[in-house]
>>> print(open('data-v4.cif').read())   # mmCIF, C-alpha atoms and all ligand atoms
data_structure
loop_
_atom_site.label_atom_id
_atom_site.label_comp_id
_atom_site.auth_asym_id
_atom_site.auth_seq_id
_atom_site.Cartn_x
_atom_site.Cartn_y
_atom_site.Cartn_z
CA MET Z 1 -27.89 11.42 -14.75
CA SER Z 2 -25.94 14.67 -14.61
CA ALA Z 3 -27.02 17.30 -12.09
CA GLN Z 4 -27.28 19.67 -15.02
CA MET Z 5 -29.83 17.50 -16.80
CA ALA Z 6 -33.24 19.22 -17.11
CA LEU Z 7 -34.94 16.32 -18.86
CA SER Z 8 -34.26 13.47 -21.21
CA LEU Z 9 -36.10 11.03 -23.40
CA SER Z 10 -34.58 7.70 -24.29
CA GLY Z 11 -36.03 5.23 -26.75
CA VAL Z 12 -39.49 6.76 -26.39
CA HIS Z 13 -42.32 5.18 -28.35
CA LYS Z 14 -45.94 6.22 -28.14
CA SER Z 15 -48.87 4.46 -29.76
CA PHE Z 16 -52.59 5.03 -29.56
CA GLY Z 17 -54.12 1.64 -30.19
CA THR Z 18 -52.51 0.37 -33.37
CA THR Z 19 -51.38 3.85 -34.44
CA SER Z 20 -47.72 4.47 -33.76
CA VAL Z 21 -47.22 8.21 -33.20
CA LEU Z 22 -43.69 8.51 -31.76
CA LYS Z 23 -40.85 6.17 -32.65
CA ASN Z 24 -37.59 5.92 -30.77
CA VAL Z 25 -37.38 9.57 -29.76
CA GLU Z 26 -34.18 10.47 -27.93
CA PHE Z 27 -32.97 13.86 -26.75
CA SER Z 28 -31.99 15.71 -23.65
CA LEU Z 29 -31.83 19.25 -22.33
CA THR Z 30 -29.41 20.71 -19.85
CA LYS Z 31 -30.76 23.18 -17.32
CA GLY Z 32 -31.44 26.59 -18.80
CA GLU Z 33 -31.56 25.46 -22.42
CA CYS Z 34 -34.34 26.34 -24.82
CA ILE Z 35 -35.17 23.89 -27.57
CA ALA Z 36 -37.77 24.08 -30.29
CA ILE Z 37 -39.63 21.23 -31.93
CA VAL Z 38 -40.89 21.77 -35.47
CA GLY Z 39 -42.50 19.53 -38.02
CA LYS Z 40 -45.53 19.08 -40.19
CA SER Z 41 -49.00 18.91 -38.73
CA GLY Z 42 -49.71 15.54 -37.16
CA CYS Z 43 -46.03 14.48 -36.85
CA GLY Z 44 -46.35 14.05 -33.07
CA LYS Z 45 -45.15 17.35 -31.58
CA SER Z 46 -47.99 17.85 -29.11
CA THR Z 47 -47.88 14.20 -28.10
CA LEU Z 48 -44.22 14.70 -27.22
CA LEU Z 49 -45.05 17.68 -25.02
CA ARG Z 50 -47.87 15.77 -23.35
CA LEU Z 51 -45.39 13.03 -22.45
CA LEU Z 52 -43.09 15.63 -20.90
CA ALA Z 53 -46.03 17.09 -18.97
CA ARG Z 54 -46.92 13.57 -17.78
CA LEU Z 55 -50.36 13.93 -19.35
CA GLU Z 56 -49.50 10.75 -21.30
CA GLN Z 57 -47.28 7.78 -20.52
CA PRO Z 58 -44.83 6.41 -23.11
CA THR Z 59 -45.71 3.03 -24.61
CA ALA Z 60 -42.00 2.17 -24.34
CA GLY Z 61 -38.84 3.99 -23.31
CA GLU Z 62 -38.23 6.51 -20.58
CA VAL Z 63 -39.04 10.16 -19.96
CA TYR Z 64 -36.74 11.45 -17.23
CA ILE Z 65 -37.27 14.67 -15.29
CA PRO Z 66 -35.44 15.10 -11.95
CA ASN Z 67 -37.59 14.39 -8.92
CA GLY Z 68 -39.32 17.45 -7.57
CA ASP Z 69 -38.71 19.60 -10.64
CA ILE Z 70 -41.76 21.62 -11.58
CA VAL Z 71 -43.03 21.35 -15.15
CA ARG Z 72 -45.67 23.75 -16.46
CA MET Z 73 -47.33 23.94 -19.85
CA MET Z 74 -48.79 26.86 -21.78
CA PHE Z 75 -51.22 26.23 -24.63
CA GLN Z 76 -52.25 28.07 -27.80
CA GLU Z 77 -55.62 28.91 -26.30
CA GLY Z 78 -54.82 30.54 -22.98
CA ARG Z 79 -57.39 28.41 -21.14
CA LEU Z 80 -58.27 31.23 -18.75
CA LEU Z 81 -61.35 30.80 -16.61
CA PRO Z 82 -63.79 33.46 -17.87
CA TRP Z 83 -65.53 33.83 -14.51
CA LYS Z 84 -62.29 34.71 -12.73
CA THR Z 85 -60.31 37.96 -12.92
CA VAL Z 86 -56.71 38.13 -14.14
CA LEU Z 87 -55.44 37.99 -10.55
CA GLN Z 88 -57.72 35.07 -9.64
CA ASN Z 89 -56.67 33.17 -12.77
CA VAL Z 90 -52.99 33.60 -11.92
CA MET Z 91 -53.53 32.61 -8.27
CA LEU Z 92 -55.17 29.30 -9.28
CA GLY Z 93 -53.45 26.27 -7.83
CA LEU Z 94 -51.23 28.25 -5.49
CA LYS Z 95 -51.30 27.29 -1.83
CA HIS Z 96 -49.13 29.85 -0.05
CA ASP Z 97 -48.49 33.54 -0.42
CA ARG Z 98 -50.90 33.50 -3.35
CA LYS Z 99 -51.55 37.17 -3.92
CA ARG Z 100 -47.95 38.32 -3.63
CA LYS Z 101 -46.73 35.62 -6.01
CA ALA Z 102 -49.52 36.31 -8.50
CA LEU Z 103 -48.92 40.06 -8.49
CA GLU Z 104 -45.21 39.46 -9.10
CA ALA Z 105 -45.97 37.14 -12.05
CA ILE Z 106 -48.45 39.66 -13.50
CA LYS Z 107 -45.77 42.35 -13.23
CA SER Z 108 -43.20 40.17 -14.97
CA VAL Z 109 -45.48 39.84 -18.02
CA GLN Z 110 -46.06 43.61 -17.97
CA LEU Z 111 -49.76 43.49 -17.13
CA GLU Z 112 -49.71 45.68 -14.04
CA GLY Z 113 -53.03 47.49 -13.72
CA LYS Z 114 -55.00 44.65 -15.34
CA GLU Z 115 -55.26 42.52 -12.19
CA ASN Z 116 -59.00 43.03 -11.75
CA GLU Z 117 -59.98 42.76 -15.42
CA TRP Z 118 -62.09 39.87 -16.72
CA PRO Z 119 -60.51 37.76 -19.49
CA ARG Z 120 -63.17 38.95 -21.97
CA ALA Z 121 -61.87 42.52 -21.60
CA LEU Z 122 -58.35 41.53 -22.69
CA SER Z 123 -56.79 41.39 -26.15
CA GLY Z 124 -55.46 38.08 -27.47
CA GLY Z 125 -51.91 39.09 -26.59
CA GLN Z 126 -52.90 40.13 -23.09
CA LYS Z 127 -54.70 36.81 -22.55
CA GLN Z 128 -51.53 34.96 -23.50
CA ARG Z 129 -49.56 37.12 -21.07
CA VAL Z 130 -51.95 36.01 -18.34
CA ALA Z 131 -51.50 32.40 -19.44
CA LEU Z 132 -47.73 32.89 -19.25
CA ALA Z 133 -48.03 34.48 -15.79
CA ARG Z 134 -50.08 31.49 -14.70
CA THR Z 135 -47.16 29.19 -15.50
CA LEU Z 136 -44.44 31.51 -14.12
CA VAL Z 137 -46.18 31.87 -10.77
CA HIS Z 138 -45.21 28.26 -10.02
CA SER Z 139 -41.49 28.95 -10.62
CA PRO Z 140 -41.17 26.12 -13.12
CA HIS Z 141 -37.90 24.34 -13.81
CA VAL Z 142 -39.23 23.38 -17.22
CA LEU Z 143 -41.67 25.42 -19.29
CA LEU Z 144 -43.52 23.60 -22.07
CA LEU Z 145 -44.92 25.86 -24.77
CA ASP Z 146 -47.41 24.30 -27.17
CA GLU Z 147 -47.70 26.76 -30.06
CA PRO Z 148 -48.41 29.49 -27.48
CA LEU Z 149 -48.34 32.39 -29.93
CA GLY Z 150 -50.05 30.67 -32.85
CA ALA Z 151 -53.28 32.67 -32.65
CA LEU Z 152 -51.64 36.09 -32.35
CA ASP Z 153 -51.06 38.70 -35.05
CA ALA Z 154 -47.49 39.07 -36.32
CA LEU Z 155 -46.64 42.17 -34.29
CA THR Z 156 -48.03 40.87 -31.00
CA ARG Z 157 -46.26 37.60 -31.68
CA ARG Z 158 -42.90 39.37 -31.97
CA GLU Z 159 -43.52 41.26 -28.72
CA MET Z 160 -44.39 38.01 -26.95
CA GLN Z 161 -41.29 36.28 -28.30
CA GLN Z 162 -39.15 39.10 -26.90
CA LEU Z 163 -40.94 38.87 -23.57
CA ILE Z 164 -40.53 35.10 -23.36
CA GLU Z 165 -36.82 35.39 -24.23
CA LYS Z 166 -36.29 38.10 -21.62
CA ILE Z 167 -38.03 36.15 -18.84
CA TRP Z 168 -36.27 32.93 -19.83
CA LEU Z 169 -32.83 34.62 -19.72
CA GLN Z 170 -33.65 36.22 -16.35
CA ARG Z 171 -35.02 33.11 -14.69
CA GLY Z 172 -32.89 30.40 -16.25
CA PHE Z 173 -35.53 27.67 -16.55
CA SER Z 174 -35.52 25.22 -19.43
CA VAL Z 175 -37.95 25.58 -22.33
CA VAL Z 176 -39.42 23.15 -24.83
CA LEU Z 177 -41.24 25.11 -27.53
CA VAL Z 178 -43.48 23.50 -30.12
CA THR Z 179 -44.09 25.83 -33.04
CA HIS Z 180 -45.06 25.91 -36.70
CA ASP Z 181 -43.14 29.14 -37.11
CA ILE Z 182 -39.54 28.39 -38.12
CA ASP Z 183 -38.46 32.01 -37.55
CA GLU Z 184 -39.82 31.78 -34.03
CA ALA Z 185 -37.85 28.59 -33.44
CA VAL Z 186 -34.61 30.14 -34.75
CA THR Z 187 -35.23 33.33 -32.75
CA LEU Z 188 -35.65 31.56 -29.43
CA ALA Z 189 -34.04 28.13 -29.43
CA ASP Z 190 -30.53 26.91 -28.68
CA ARG Z 191 -31.38 23.83 -30.68
CA VAL Z 192 -34.13 22.94 -33.13
CA TYR Z 193 -35.39 19.40 -33.65
CA VAL Z 194 -37.26 18.54 -36.82
CA ILE Z 195 -39.77 15.76 -36.26
CA GLU Z 196 -40.91 13.69 -39.19
CA ASN Z 197 -43.43 10.89 -38.87
CA GLY Z 198 -42.83 10.60 -35.14
CA SER Z 199 -39.02 10.50 -35.20
CA ILE Z 200 -36.30 13.13 -34.96
CA ALA Z 201 -35.21 13.65 -38.56
CA ASN Z 202 -32.68 16.45 -37.94
CA THR Z 203 -31.12 18.52 -35.19
CA TYR Z 204 -29.87 22.08 -35.70
CA ASP Z 205 -27.66 23.85 -33.14
CA ILE Z 206 -28.37 27.56 -33.31
CA ASN Z 207 -25.27 29.40 -32.17
CA LEU Z 208 -26.27 32.90 -33.22
CA PRO Z 209 -25.79 35.71 -30.66
CA ARG Z 210 -28.87 37.04 -28.83
CA PRO Z 211 -31.03 38.96 -29.40
CA ARG Z 212 -31.11 37.42 -32.86
CA LYS Z 213 -31.37 39.57 -35.92
CA ARG Z 214 -33.86 38.09 -38.35
CA SER Z 215 -32.41 40.02 -41.26
CA SER Z 216 -28.88 38.64 -40.74
CA TYR Z 217 -27.51 36.33 -43.39
CA GLU Z 218 -26.91 33.51 -40.88
CA PHE Z 219 -30.45 33.74 -39.51
CA VAL Z 220 -32.06 33.66 -42.95
CA GLU Z 221 -29.82 30.77 -44.08
CA THR Z 222 -30.55 28.72 -40.98
CA ALA Z 223 -34.31 29.32 -41.10
CA GLU Z 224 -34.43 28.42 -44.78
CA GLU Z 225 -32.45 25.25 -44.27
CA ILE Z 226 -34.80 24.13 -41.50
CA LEU Z 227 -37.90 25.08 -43.50
CA ASN Z 228 -36.65 23.12 -46.49
CA ARG Z 229 -36.00 20.15 -44.25
CA VAL Z 230 -39.51 20.30 -42.80
CA LEU Z 231 -41.07 20.61 -46.25
CA GLY Z 232 -38.82 18.02 -47.84
CA VAL Z 233 -37.41 20.51 -50.34
CA ASN Z 234 -33.88 19.95 -51.62
CA ALA Z 235 -32.31 23.36 -50.99
CA THR Z 236 -29.75 22.99 -53.77
CA ASN Z 237 -32.25 22.78 -56.61
CA GLY Z 238 -35.51 23.80 -54.99
CA HIS Z 239 -37.36 20.62 -56.07
CA LEU Z 240 -39.51 18.56 -53.82
CA VAL Z 241 -37.74 15.30 -53.16
CA SER Z 242 -38.64 12.21 -51.21
CA LEU Z 243 -38.12 12.82 -47.48
CA SER Z 244 -36.41 9.49 -47.14
CA ASN Z 245 -33.65 10.63 -49.52
CA ILE Z 246 -32.56 13.48 -47.29
CA LYS Z 247 -30.05 12.65 -44.62
N1 LIG Z 301 -55.36 10.57 -27.65
C1 LIG Z 301 -55.15 10.22 -28.90
N2 LIG Z 301 -55.76 9.13 -29.41
C2 LIG Z 301 -55.56 8.74 -30.68
N3 LIG Z 301 -54.71 9.36 -31.55
C3 LIG Z 301 -54.08 10.45 -31.10
C4 LIG Z 301 -54.25 10.94 -29.77
N4 LIG Z 301 -53.47 12.03 -29.60
C5 LIG Z 301 -52.84 12.22 -30.78
N5 LIG Z 301 -53.21 11.28 -31.68
C6 LIG Z 301 -52.72 11.16 -33.07
O1 LIG Z 301 -51.33 11.30 -33.04
C7 LIG Z 301 -50.87 11.98 -34.19
C8 LIG Z 301 -49.98 13.12 -33.77
O2 LIG Z 301 -50.75 14.10 -33.09
P1 LIG Z 301 -50.09 15.40 -32.44
O3 LIG Z 301 -51.20 16.24 -31.90
O4 LIG Z 301 -49.02 14.99 -31.51
O5 LIG Z 301 -49.44 16.07 -33.73
P2 LIG Z 301 -48.85 17.52 -33.92
O6 LIG Z 301 -47.56 17.37 -34.63
O7 LIG Z 301 -48.84 18.25 -32.62
O8 LIG Z 301 -49.94 18.16 -34.89
P3 LIG Z 301 -50.37 19.70 -35.07
O9 LIG Z 301 -49.13 20.41 -35.53
O10 LIG Z 301 -51.43 19.65 -36.11
O11 LIG Z 301 -50.87 20.20 -33.74
C9 LIG Z 301 -52.10 12.41 -34.97
O12 LIG Z 301 -52.31 11.50 -36.02
C10 LIG Z 301 -53.20 12.30 -33.94
O13 LIG Z 301 -54.43 11.98 -34.55
#
>>> encode(input="data-v4.cif", output="structure tokens", more="lines below")
Ligand SMILES: Nc1ncnc2c1ncn2[C@@H]1O[C@H](COP(=O)(O)OP(=O)(O)OP(=O)(O)O)[C@@H](O)[C@H]1O
Amino acid sequence: MSAQMALSLSGVHKSFGTTSVLKNVEFSLTKGECIAIVGKSGCGKSTLLRLLARLEQPTAGEVYIPNGDIVRMMFQEGRLLPWKTVLQNVMLGLKHDRKRKALEAIKSVQLEGKENEWPRALSGGQKQRVALARTLVHSPHVLLLDEPLGALDALTRREMQQLIEKIWLQRGFSVVLVTHDIDEAVTLADRVYVIENGSIANTYDINLPRPRKRSSYEFVETAEEILNRVLGVNATNGHLVSLSNIK
């Protein structure tokens, strides 16, 4: 494996009982890359992330992450402990230098001044900032994002996307983002994988300059192409066609 490899999956299959969820999934990330995984509900996106987080084991194949590399996951619901303050939530799981590290992470998500608030006093966006701080405090090599902005309003979502991009560019970790929002995928990812019925159906390299302009012709074209692929729409005539006919 190359020293630049952040993670890789080769020939990964995952079944639950007799239900086959992932079939022969193969991809890799170099360090510092951000990829997005999109696909219809139930296609296996979260299962893929859970394999990367080692919350599940593959039925066959290999998930490779370099020894000692730290992987952290952020979920759609922030999963904050309601009986702990912002600072206490961010300090969770830390062993050394807890307060200093937590304060630094809280600052990086622009929540200075909220350290002693209870989660119930925070807006949805602020809660997700705390959830992000809780991952950053561990200095992850790989950040797994499972639809982290899915419950936020459109404006807050944009702000969070900008924040995630800024922190990612500063810190240089690798990101695997699962999202239903194709614009979000094209805004953030170097590469977008479309999953269909548990397999990678298409890969799109996104070579647009950052920060990406959603109104640009290239952005709109790319997002539409990916959306059509996910939906199984033939972009040339706009009709729904059988997914198996699209290569
Ligand atoms: N622990 C489990 N036991 C049995 N089946 C499971 C388990 N986890 C996931 N599945 C099944 O695997 C399939 C894929 O689920 P997964 O959550 O990975 O999809 P998804 O693409 O993330 O969906 P969504 O976009 O709706 O979150 C579903 O049919 C689901 O019911």
>>> atom_distance(input="data-v4.cif", atom1="CA of Leu55 in chain Z", atom2="CA of Gly198 in chain Z")
17.8 Å
>>> residues_near_ligand(input="data-v4.cif", ligand="ligand LIG 301 (chain Z)", cutoff="6 Å", atoms="all atoms listed in the file", output="PDB file with C-alpha atoms, keeping the file's coordinate frame")
ATOM      1  CA  PHE Z  16     -52.590   5.030 -29.560  1.00  0.00           C
ATOM      2  CA  VAL Z  21     -47.220   8.210 -33.200  1.00  0.00           C
ATOM      3  CA  SER Z  41     -49.000  18.910 -38.730  1.00  0.00           C
ATOM      4  CA  GLY Z  42     -49.710  15.540 -37.160  1.00  0.00           C
ATOM      5  CA  CYS Z  43     -46.030  14.480 -36.850  1.00  0.00           C
ATOM      6  CA  GLY Z  44     -46.350  14.050 -33.070  1.00  0.00           C
ATOM      7  CA  LYS Z  45     -45.150  17.350 -31.580  1.00  0.00           C
ATOM      8  CA  SER Z  46     -47.990  17.850 -29.110  1.00  0.00           C
ATOM      9  CA  THR Z  47     -47.880  14.200 -28.100  1.00  0.00           C
TER      10      THR Z  47
END
>>> residues_around(input="data-v4.cif", residues="Lys14 in chain Z", least_positions_apart="2", cutoff="6 Å", atoms="only C-alpha atoms", output="tab-separated table (two decimals) with C-alpha atoms, keeping the file's coordinate frame")
chain	number	residue	atom	x	y	z
Z	21	VAL	CA	-47.22	8.21	-33.20
Z	22	LEU	CA	-43.69	8.51	-31.76
Z	58	PRO	CA	-44.83	6.41	-23.11
Z	59	THR	CA	-45.71	3.03	-24.61
>>> residues_near_point(input="data-v4.cif", point="(-41.6, 2.7, -26.9)", cutoff="12 Å", atoms="all atoms listed in the file", output="number ranges by chain")
Z: 9-16, 20-26, 51, 57-63, 198-199
>>> write_last_selection(input="data-v4.cif", atoms="C-alpha atoms", output="PDB file, in the frame of the given file")
ATOM      1  CA  LEU Z   9     -36.100  11.030 -23.400  1.00  0.00           C
ATOM      2  CA  SER Z  10     -34.580   7.700 -24.290  1.00  0.00           C
ATOM      3  CA  GLY Z  11     -36.030   5.230 -26.750  1.00  0.00           C
ATOM      4  CA  VAL Z  12     -39.490   6.760 -26.390  1.00  0.00           C
ATOM      5  CA  HIS Z  13     -42.320   5.180 -28.350  1.00  0.00           C
ATOM      6  CA  LYS Z  14     -45.940   6.220 -28.140  1.00  0.00           C
ATOM      7  CA  SER Z  15     -48.870   4.460 -29.760  1.00  0.00           C
ATOM      8  CA  PHE Z  16     -52.590   5.030 -29.560  1.00  0.00           C
ATOM      9  CA  SER Z  20     -47.720   4.470 -33.760  1.00  0.00           C
ATOM     10  CA  VAL Z  21     -47.220   8.210 -33.200  1.00  0.00           C
ATOM     11  CA  LEU Z  22     -43.690   8.510 -31.760  1.00  0.00           C
ATOM     12  CA  LYS Z  23     -40.850   6.170 -32.650  1.00  0.00           C
ATOM     13  CA  ASN Z  24     -37.590   5.920 -30.770  1.00  0.00           C
ATOM     14  CA  VAL Z  25     -37.380   9.570 -29.760  1.00  0.00           C
ATOM     15  CA  GLU Z  26     -34.180  10.470 -27.930  1.00  0.00           C
ATOM     16  CA  LEU Z  51     -45.390  13.030 -22.450  1.00  0.00           C
ATOM     17  CA  GLN Z  57     -47.280   7.780 -20.520  1.00  0.00           C
ATOM     18  CA  PRO Z  58     -44.830   6.410 -23.110  1.00  0.00           C
ATOM     19  CA  THR Z  59     -45.710   3.030 -24.610  1.00  0.00           C
ATOM     20  CA  ALA Z  60     -42.000   2.170 -24.340  1.00  0.00           C
ATOM     21  CA  GLY Z  61     -38.840   3.990 -23.310  1.00  0.00           C
ATOM     22  CA  GLU Z  62     -38.230   6.510 -20.580  1.00  0.00           C
ATOM     23  CA  VAL Z  63     -39.040  10.160 -19.960  1.00  0.00           C
ATOM     24  CA  GLY Z 198     -42.830  10.600 -35.140  1.00  0.00           C
ATOM     25  CA  SER Z 199     -39.020  10.500 -35.200  1.00  0.00           C
TER      26      SER Z 199
END
>>> atom_distance(input="data-v4.cif", atom1="CA of Gln110 in chain Z", atom2="CA of Leu145 in chain Z")
19.0 Å
>>> atom_distance(input="data-v4.cif", atom1="CA of Tyr64 in chain Z", atom2="CA of Arg134 in chain Z")
24.2 Å
>>> residues_around(input="data-v4.cif", residues="Arg210 in chain Z", least_positions_apart="6", cutoff="10 Å", atoms="all atoms listed in the file", output="list in words")
Glu165, Thr187 and Leu188 of chain Z
>>> closest_residue(input="data-v4.cif", among="Z:Leu48, Z:Leu143, Z:Val137, Z:Ala121", to="Leu92 in chain Z", atoms="all atoms listed in the file")
Z:Val137
>>> closest_residue(input="data-v4.cif", among="Z:Ser215, Z:Leu80, Z:Ser174, Z:Glu224", to="Arg120 in chain Z", atoms="all atoms listed in the file")
Z:Leu80
>>> closest_residue(input="data-v4.cif", among="Z:Val192, Z:Val130, Z:Ala105, Z:Ala3", to="Arg171 in chain Z", atoms="only C-alpha atoms")
Z:Ala105
>>> residues_around(input="data-v4.cif", residues="range 93-103 of chain Z", least_positions_apart="4", cutoff="10 Å", atoms="all atoms listed in the file", output="list in words")
Val86, Leu87, Gln88, Asn89, Lys107, Ser108, Leu111, Glu112, Gly113, Glu115, Ala133, Arg134, Leu136, Val137, His138 and Ser139 of chain Z
>>> write_last_selection(input="data-v4.cif", atoms="C-alpha atoms", output="mmCIF file, keeping the file's coordinate frame")
data_model
loop_
_atom_site.group_PDB
_atom_site.id
_atom_site.type_symbol
_atom_site.label_atom_id
_atom_site.label_comp_id
_atom_site.auth_asym_id
_atom_site.auth_seq_id
_atom_site.Cartn_x
_atom_site.Cartn_y
_atom_site.Cartn_z
ATOM 1 C CA VAL Z 86 -56.710 38.130 -14.140
ATOM 2 C CA LEU Z 87 -55.440 37.990 -10.550
ATOM 3 C CA GLN Z 88 -57.720 35.070 -9.640
ATOM 4 C CA ASN Z 89 -56.670 33.170 -12.770
ATOM 5 C CA LYS Z 107 -45.770 42.350 -13.230
ATOM 6 C CA SER Z 108 -43.200 40.170 -14.970
ATOM 7 C CA LEU Z 111 -49.760 43.490 -17.130
ATOM 8 C CA GLU Z 112 -49.710 45.680 -14.040
ATOM 9 C CA GLY Z 113 -53.030 47.490 -13.720
ATOM 10 C CA GLU Z 115 -55.260 42.520 -12.190
ATOM 11 C CA ALA Z 133 -48.030 34.480 -15.790
ATOM 12 C CA ARG Z 134 -50.080 31.490 -14.700
ATOM 13 C CA LEU Z 136 -44.440 31.510 -14.120
ATOM 14 C CA VAL Z 137 -46.180 31.870 -10.770
ATOM 15 C CA HIS Z 138 -45.210 28.260 -10.020
ATOM 16 C CA SER Z 139 -41.490 28.950 -10.620
#
>>> build_atoms(input="data-v4.cif", residues="range 109-121 of chain Z", atoms="N, CA and C atoms", output="mmCIF file, in the frame of the given file")
data_model
loop_
_atom_site.group_PDB
_atom_site.id
_atom_site.type_symbol
_atom_site.label_atom_id
_atom_site.label_comp_id
_atom_site.auth_asym_id
_atom_site.auth_seq_id
_atom_site.Cartn_x
_atom_site.Cartn_y
_atom_site.Cartn_z
ATOM 1 N N VAL Z 109 -44.980 39.870 -16.633
ATOM 2 C CA VAL Z 109 -45.480 39.840 -18.020
ATOM 3 C C VAL Z 109 -46.041 41.200 -18.443
ATOM 4 N N GLN Z 110 -45.722 42.210 -17.654
ATOM 5 C CA GLN Z 110 -46.060 43.610 -17.970
ATOM 6 C C GLN Z 110 -47.565 43.838 -18.093
ATOM 7 N N LEU Z 111 -48.311 43.279 -17.139
ATOM 8 C CA LEU Z 111 -49.760 43.490 -17.130
ATOM 9 C C LEU Z 111 -50.227 44.190 -15.852
ATOM 10 N N GLU Z 112 -49.314 44.932 -15.254
ATOM 11 C CA GLU Z 112 -49.710 45.680 -14.040
ATOM 12 C C GLU Z 112 -50.882 46.595 -14.373
ATOM 13 N N GLY Z 113 -51.849 46.654 -13.474
ATOM 14 C CA GLY Z 113 -53.030 47.490 -13.720
ATOM 15 C C GLY Z 113 -54.200 46.699 -14.281
ATOM 16 N N LYS Z 114 -53.925 45.456 -14.747
ATOM 17 C CA LYS Z 114 -55.000 44.650 -15.340
ATOM 18 C C LYS Z 114 -55.481 43.554 -14.375
ATOM 19 N N GLU Z 115 -54.994 43.606 -13.137
ATOM 20 C CA GLU Z 115 -55.260 42.520 -12.190
ATOM 21 C C GLU Z 115 -56.741 42.212 -12.017
ATOM 22 N N ASN Z 116 -57.572 43.250 -12.041
ATOM 23 C CA ASN Z 116 -59.000 43.030 -11.750
ATOM 24 C C ASN Z 116 -59.871 42.960 -12.998
ATOM 25 N N GLU Z 117 -59.222 42.893 -14.159
ATOM 26 C CA GLU Z 117 -59.980 42.760 -15.420
ATOM 27 C C GLU Z 117 -60.505 41.331 -15.566
ATOM 28 N N TRP Z 118 -61.600 41.200 -16.337
ATOM 29 C CA TRP Z 118 -62.090 39.870 -16.720
ATOM 30 C C TRP Z 118 -61.395 39.467 -18.013
ATOM 31 N N PRO Z 119 -61.173 38.193 -18.252
ATOM 32 C CA PRO Z 119 -60.510 37.760 -19.490
ATOM 33 C C PRO Z 119 -61.167 38.337 -20.749
ATOM 34 N N ARG Z 120 -62.500 38.470 -20.752
ATOM 35 C CA ARG Z 120 -63.170 38.950 -21.970
ATOM 36 C C ARG Z 120 -62.788 40.386 -22.320
ATOM 37 N N ALA Z 121 -62.256 41.121 -21.343
ATOM 38 C CA ALA Z 121 -61.870 42.520 -21.600
ATOM 39 C C ALA Z 121 -60.429 42.624 -22.110
#
